[in-house]
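Take a look at the structure below.
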Amino acid sequence: MPPDPEAGFARDGVLPDRAERELAALLATEDPKPRAPKGMPRRSVLLAGGAVTAVTAVAASGEMGRLLGTSGGAAAAATTQPVLVLRRIAGRSSHDVLTELAEKVGKLAPETVQGPYLYTKTWGWWLNSAGDVPGGVANAAVPTVTEQWIRVSDGSGRERRQYGKPYFPNPDQERDAREARLIEGKGVADKTYEAGRFSPYPEWQRLIPFSTDPDRLLTQMKEVNWEAGRLIYGVSAMLNAAQLTSGGVVAPELRAAALRVLAKRTDVTVTTTTTWQGQQALAVTQEGRYKNATFRDSLLIDPADGCPMGHEDALLGDPLALNIAVPGTLSVSETLARGTVKDTESGI
């Protein structure tokens, strides 16, 4: 949540009335059934009261001063996963780039369904933080390769996670990070889920079928709260829901409409980039500021077919009190393989 203009936000650990009302509404509507992750998980921030998801949620707790306070001029030498280099496209506006891609994608042949399972393989890295350790804010991350086999007819499936070596932006804080339980998994985790676990979230499912008219599609999407209020994440979630309810594929016309929705936004910039795993992508970026920090969020899109292929959440300018070097990354992911397959043993 952004700072509340009505009062000193979270002053003395007390939330303003508006924040209390919104928090109560969220808790009242929370789905009691745990949701299986549909792709890469978001980063979590560990506070005295438990874990919350995404850095923007930190402001809703009394720990705001610790994690989102100014850095006080102290040098931060703790490095994270490299920030993507975004290359501007000379002579072409973001609107033109996305519109031209939409025209290309709309003419593509529909994808062929090869089996009842949607298979995805992703690589990702997300920063987990603890704000209540003796040495200040501690951070840790575990590079993870995730494979999912989702039976699109009923939402059942299999998920296999291969966890890499834990990474500590500040090696001196490894002990604090481990004691704060910031390490996400170890070795290999392979689980099978029952029907419904990978089904689209109800708020998206009730909107299906999605319109291929950009204006009507945006109207539909506005009925759902987008992660961090970012249209780029709304588009990604919408396409994911469509994919899970249409045999594991997304019609070219819907992908084209999604690109046109993004093209009409004036707060979106489009650049080219090379991902951490060496893939070429378009980066569709939205930014937000807090004090002297800039939160740069990018949705990565495959320039060949218009499909989302990952994301980057980067922190620029002031590291605030997160105790990392800037520019730095808070969460990254990219798709390594995607398609429909015959069973839960097959890959792409």
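Just remember, in the structure tokens the first chain shown is A, the second B, etc., residues are 1-based per chain, and ligands are 1-based in the order shown.
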
Contact residues around range 256-265 of chain A with only C-alpha atoms at 6 Å, ignoring same-chain residues under 5 positions, as a ChimeraX atom specification: /A:95,98-99,102,105-106,212,214

Would you give me, as a Markdown table, each residue of range 210-256 of chain A having an atom within 9 Å of an atom of range 139-154 of chain A, along with its shortest atom pair and that distance in Å to one decimal, using only C-alpha atoms and sorting by chain and residue number?
```
| residue | atom | partner | partner_atom | distance |
| --- | --- | --- | --- | --- |
| A:Gln243 | CA | A:Val152 | CA | 8.5 |
| A:Leu244 | CA | A:Val152 | CA | 5.4 |
| A:Thr245 | CA | A:Val152 | CA | 6.5 |
| A:Ser246 | CA | A:Val152 | CA | 7.8 |
| A:Gly247 | CA | A:Val152 | CA | 6.0 |
| A:Gly248 | CA | A:Val152 | CA | 6.4 |
```

Same residues, C-alpha atoms, output as a short mmCIF file (atom, residue, chain, number, x, y, z; two decimals), in the first residue's frame:
```cif
data_model
loop_
_atom_site.label_atom_id
_atom_site.label_comp_id
_atom_site.auth_asym_id
_atom_site.auth_seq_id
_atom_site.Cartn_x
_atom_site.Cartn_y
_atom_site.Cartn_z
CA GLN A 243 -4.48 -20.74 -21.21
CA LEU A 244 -5.71 -22.94 -18.36
CA THR A 245 -9.28 -22.94 -19.67
CA SER A 246 -8.63 -23.45 -23.39
CA GLY A 247 -6.68 -26.67 -23.58
CA GLY A 248 -3.34 -25.14 -22.61
#
```

Residue among A:Asn323, A:Thr79, A:Thr122, A:Thr271 lying closest to Leu299 in chain A, counting only C-alpha atoms: A:Thr271

7 Å contact set for range 306-320 of chain A, only C-alpha atoms, chain neighbours under 6 positions out, as a VMD selection string: chain A and resid 67 to 71 83 105 236 255 292 to 300 326 to 335

Requested write-out: N, CA and C atoms of the selected residues, as a compact mmCIF listing (two decimals), in the first residue's frame:
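Saved file selection_19.txt follows:
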```txt
# COMPACT_ATOMS: atom_id res chain seq x y z
N LEU A 67 12.14 -1.39 6.72
CA LEU A 67 12.38 -1.88 5.36
C LEU A 67 12.23 -0.81 4.29
N LEU A 68 11.38 0.20 4.53
CA LEU A 68 11.19 1.23 3.52
C LEU A 68 11.66 2.59 3.99
N GLY A 69 12.50 2.62 5.01
CA GLY A 69 13.08 3.87 5.45
C GLY A 69 14.22 4.25 4.52
N THR A 70 14.74 5.45 4.66
CA THR A 70 15.85 5.85 3.82
C THR A 70 17.10 5.11 4.24
N SER A 71 18.05 5.05 3.33
CA SER A 71 19.27 4.31 3.61
C SER A 71 20.20 5.08 4.53
N VAL A 83 20.62 -6.85 -12.87
CA VAL A 83 19.47 -6.15 -13.45
C VAL A 83 19.57 -6.23 -14.98
N VAL A 105 1.11 -11.09 -34.48
CA VAL A 105 0.62 -12.21 -33.68
C VAL A 105 -0.79 -12.61 -34.10
N SER A 236 -0.67 -10.50 -17.82
CA SER A 236 -0.06 -11.81 -17.65
C SER A 236 -1.02 -12.79 -16.97
N ARG A 255 -4.05 -12.97 -27.69
CA ARG A 255 -2.70 -12.42 -27.45
C ARG A 255 -2.54 -11.06 -28.11
N ASN A 292 13.15 8.22 -2.69
CA ASN A 292 14.12 8.34 -3.79
C ASN A 292 14.34 7.01 -4.51
N ALA A 293 13.48 6.05 -4.25
CA ALA A 293 13.62 4.73 -4.87
C ALA A 293 12.66 4.60 -6.04
N THR A 294 13.08 3.89 -7.06
CA THR A 294 12.23 3.58 -8.21
C THR A 294 12.06 2.07 -8.29
N PHE A 295 10.81 1.63 -8.31
CA PHE A 295 10.50 0.22 -8.49
C PHE A 295 10.16 0.01 -9.96
N ARG A 296 11.03 -0.68 -10.68
CA ARG A 296 10.86 -0.91 -12.11
C ARG A 296 10.42 -2.34 -12.35
N ASP A 297 9.18 -2.51 -12.79
CA ASP A 297 8.62 -3.84 -13.02
C ASP A 297 8.47 -4.06 -14.52
N SER A 298 8.98 -5.18 -15.00
CA SER A 298 8.95 -5.48 -16.43
C SER A 298 8.35 -6.85 -16.70
N LEU A 299 7.41 -6.89 -17.64
CA LEU A 299 6.89 -8.14 -18.16
C LEU A 299 7.66 -8.46 -19.43
N LEU A 300 8.23 -9.65 -19.49
CA LEU A 300 9.01 -10.06 -20.65
C LEU A 300 8.10 -10.78 -21.63
N VAL A 326 22.17 -1.09 -5.39
CA VAL A 326 21.27 -0.73 -6.49
C VAL A 326 22.11 -0.26 -7.68
N PRO A 327 21.63 -0.53 -8.90
CA PRO A 327 20.38 -1.23 -9.17
C PRO A 327 20.46 -2.70 -8.76
N GLY A 328 19.33 -3.21 -8.26
CA GLY A 328 19.29 -4.60 -7.83
C GLY A 328 17.95 -5.21 -8.17
N THR A 329 17.85 -6.53 -8.09
CA THR A 329 16.61 -7.22 -8.42
C THR A 329 15.95 -7.78 -7.17
N LEU A 330 14.62 -7.67 -7.13
CA LEU A 330 13.85 -8.22 -6.03
C LEU A 330 13.20 -9.54 -6.40
N SER A 331 12.91 -9.72 -7.68
CA SER A 331 12.28 -10.95 -8.15
C SER A 331 12.48 -11.06 -9.65
N VAL A 332 12.87 -12.24 -10.13
CA VAL A 332 13.04 -12.46 -11.57
C VAL A 332 12.55 -13.86 -11.92
N SER A 333 12.09 -14.01 -13.16
CA SER A 333 11.75 -15.34 -13.65
C SER A 333 11.76 -15.31 -15.17
N GLU A 334 11.97 -16.47 -15.77
CA GLU A 334 11.82 -16.58 -17.21
C GLU A 334 11.42 -18.00 -17.59
N THR A 335 10.62 -18.08 -18.65
CA THR A 335 10.14 -19.37 -19.13
C THR A 335 11.19 -19.99 -20.03
```

Two-atom distance - CA of Asp172 in chain A, CA of Gly135 in chain A (Å):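 Value for the CA of Asp172 in chain A-CA of Gly135 in chain A distance: 9.4 Å.
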
Residue set, range 128-338 of chain A restricted to helix (DSSP H, G or I), as a PyMOL selection string: chain A and resi 171-179+202-205+214-221+227-229+231-244+252-263

Any chance you can output those residues with C-alpha atoms as a PDB file, in the first residue's frame?
```
ATOM      1  CA  PRO A 171      27.478 -13.124   2.897  1.00  0.00           C
ATOM      2  CA  ASP A 172      28.099 -11.820   6.422  1.00  0.00           C
ATOM      3  CA  GLN A 173      24.362 -12.140   7.102  1.00  0.00           C
ATOM      4  CA  GLU A 174      24.041 -15.793   6.108  1.00  0.00           C
ATOM      5  CA  ARG A 175      23.561 -16.912   9.691  1.00  0.00           C
ATOM      6  CA  ASP A 176      20.873 -14.280  10.325  1.00  0.00           C
ATOM      7  CA  ALA A 177      19.103 -15.215   7.096  1.00  0.00           C
ATOM      8  CA  ARG A 178      19.106 -18.916   7.926  1.00  0.00           C
ATOM      9  CA  GLU A 179      17.857 -18.318  11.457  1.00  0.00           C
ATOM     10  CA  PRO A 202     -12.141 -17.498  -9.447  1.00  0.00           C
ATOM     11  CA  GLU A 203     -11.916 -13.745 -10.049  1.00  0.00           C
ATOM     12  CA  TRP A 204     -10.472 -14.423 -13.501  1.00  0.00           C
ATOM     13  CA  GLN A 205     -12.441 -17.568 -14.239  1.00  0.00           C
ATOM     14  CA  PRO A 214      -8.993  -4.384 -26.739  1.00  0.00           C
ATOM     15  CA  ASP A 215     -11.393  -1.896 -25.139  1.00  0.00           C
ATOM     16  CA  ARG A 216     -13.846  -4.561 -24.002  1.00  0.00           C
ATOM     17  CA  LEU A 217     -10.972  -6.736 -22.800  1.00  0.00           C
ATOM     18  CA  LEU A 218      -9.610  -3.914 -20.648  1.00  0.00           C
ATOM     19  CA  THR A 219     -13.086  -3.362 -19.195  1.00  0.00           C
ATOM     20  CA  GLN A 220     -13.197  -7.040 -18.225  1.00  0.00           C
ATOM     21  CA  MET A 221      -9.723  -6.905 -16.705  1.00  0.00           C
ATOM     22  CA  GLU A 227      -0.851  -7.401  -8.652  1.00  0.00           C
ATOM     23  CA  ALA A 228       0.819  -4.200  -7.417  1.00  0.00           C
ATOM     24  CA  GLY A 229      -1.766  -2.319  -9.488  1.00  0.00           C
ATOM     25  CA  LEU A 231      -1.443  -3.530 -15.911  1.00  0.00           C
ATOM     26  CA  ILE A 232       1.461  -5.678 -17.097  1.00  0.00           C
ATOM     27  CA  TYR A 233       0.744  -8.213 -14.350  1.00  0.00           C
ATOM     28  CA  GLY A 234      -2.981  -8.034 -15.056  1.00  0.00           C
ATOM     29  CA  VAL A 235      -2.328  -8.941 -18.687  1.00  0.00           C
ATOM     30  CA  SER A 236      -0.061 -11.811 -17.650  1.00  0.00           C
ATOM     31  CA  ALA A 237      -2.635 -13.197 -15.190  1.00  0.00           C
ATOM     32  CA  MET A 238      -5.433 -12.886 -17.744  1.00  0.00           C
ATOM     33  CA  LEU A 239      -3.503 -14.794 -20.409  1.00  0.00           C
ATOM     34  CA  ASN A 240      -2.587 -17.462 -17.856  1.00  0.00           C
ATOM     35  CA  ALA A 241      -6.264 -17.924 -16.956  1.00  0.00           C
ATOM     36  CA  ALA A 242      -7.178 -18.149 -20.637  1.00  0.00           C
ATOM     37  CA  GLN A 243      -4.483 -20.745 -21.207  1.00  0.00           C
ATOM     38  CA  LEU A 244      -5.706 -22.944 -18.356  1.00  0.00           C
ATOM     39  CA  PRO A 252      -3.516 -15.596 -31.339  1.00  0.00           C
ATOM     40  CA  GLU A 253      -6.405 -13.118 -31.459  1.00  0.00           C
ATOM     41  CA  LEU A 254      -6.473 -12.850 -27.653  1.00  0.00           C
ATOM     42  CA  ARG A 255      -2.702 -12.425 -27.446  1.00  0.00           C
ATOM     43  CA  ALA A 256      -2.971  -9.668 -30.051  1.00  0.00           C
ATOM     44  CA  ALA A 257      -5.754  -7.950 -28.097  1.00  0.00           C
ATOM     45  CA  ALA A 258      -3.648  -8.067 -24.918  1.00  0.00           C
ATOM     46  CA  LEU A 259      -0.757  -6.398 -26.746  1.00  0.00           C
ATOM     47  CA  ARG A 260      -3.096  -3.653 -27.987  1.00  0.00           C
ATOM     48  CA  VAL A 261      -4.320  -3.079 -24.425  1.00  0.00           C
ATOM     49  CA  LEU A 262      -0.716  -2.485 -23.376  1.00  0.00           C
ATOM     50  CA  ALA A 263      -0.056  -0.311 -26.452  1.00  0.00           C
TER      51      ALA A 263
END
```

Near-Tyr193 in chain A list (8 Å; only C-alpha atoms; drop same-chain fewer than 5 positions) as a ChimeraX atom specification: /A:156-159

d(CA of Asp96 in chain A, CA of Asp213 in chain A) in Å: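 Straight-line distance from CA of Asp96 in chain A to CA of Asp213 in chain A works out to 18.0 Å.
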
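Note that CA of Ser129 in chain A and CA of Pro166 in chain A are 13.4 Å apart.
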
Residue with smallest distance to Lys121 in chain A - pool A:Arg161, A:Ile324, A:Leu84, A:Glu100, counting only C-alpha atoms: A:Arg161
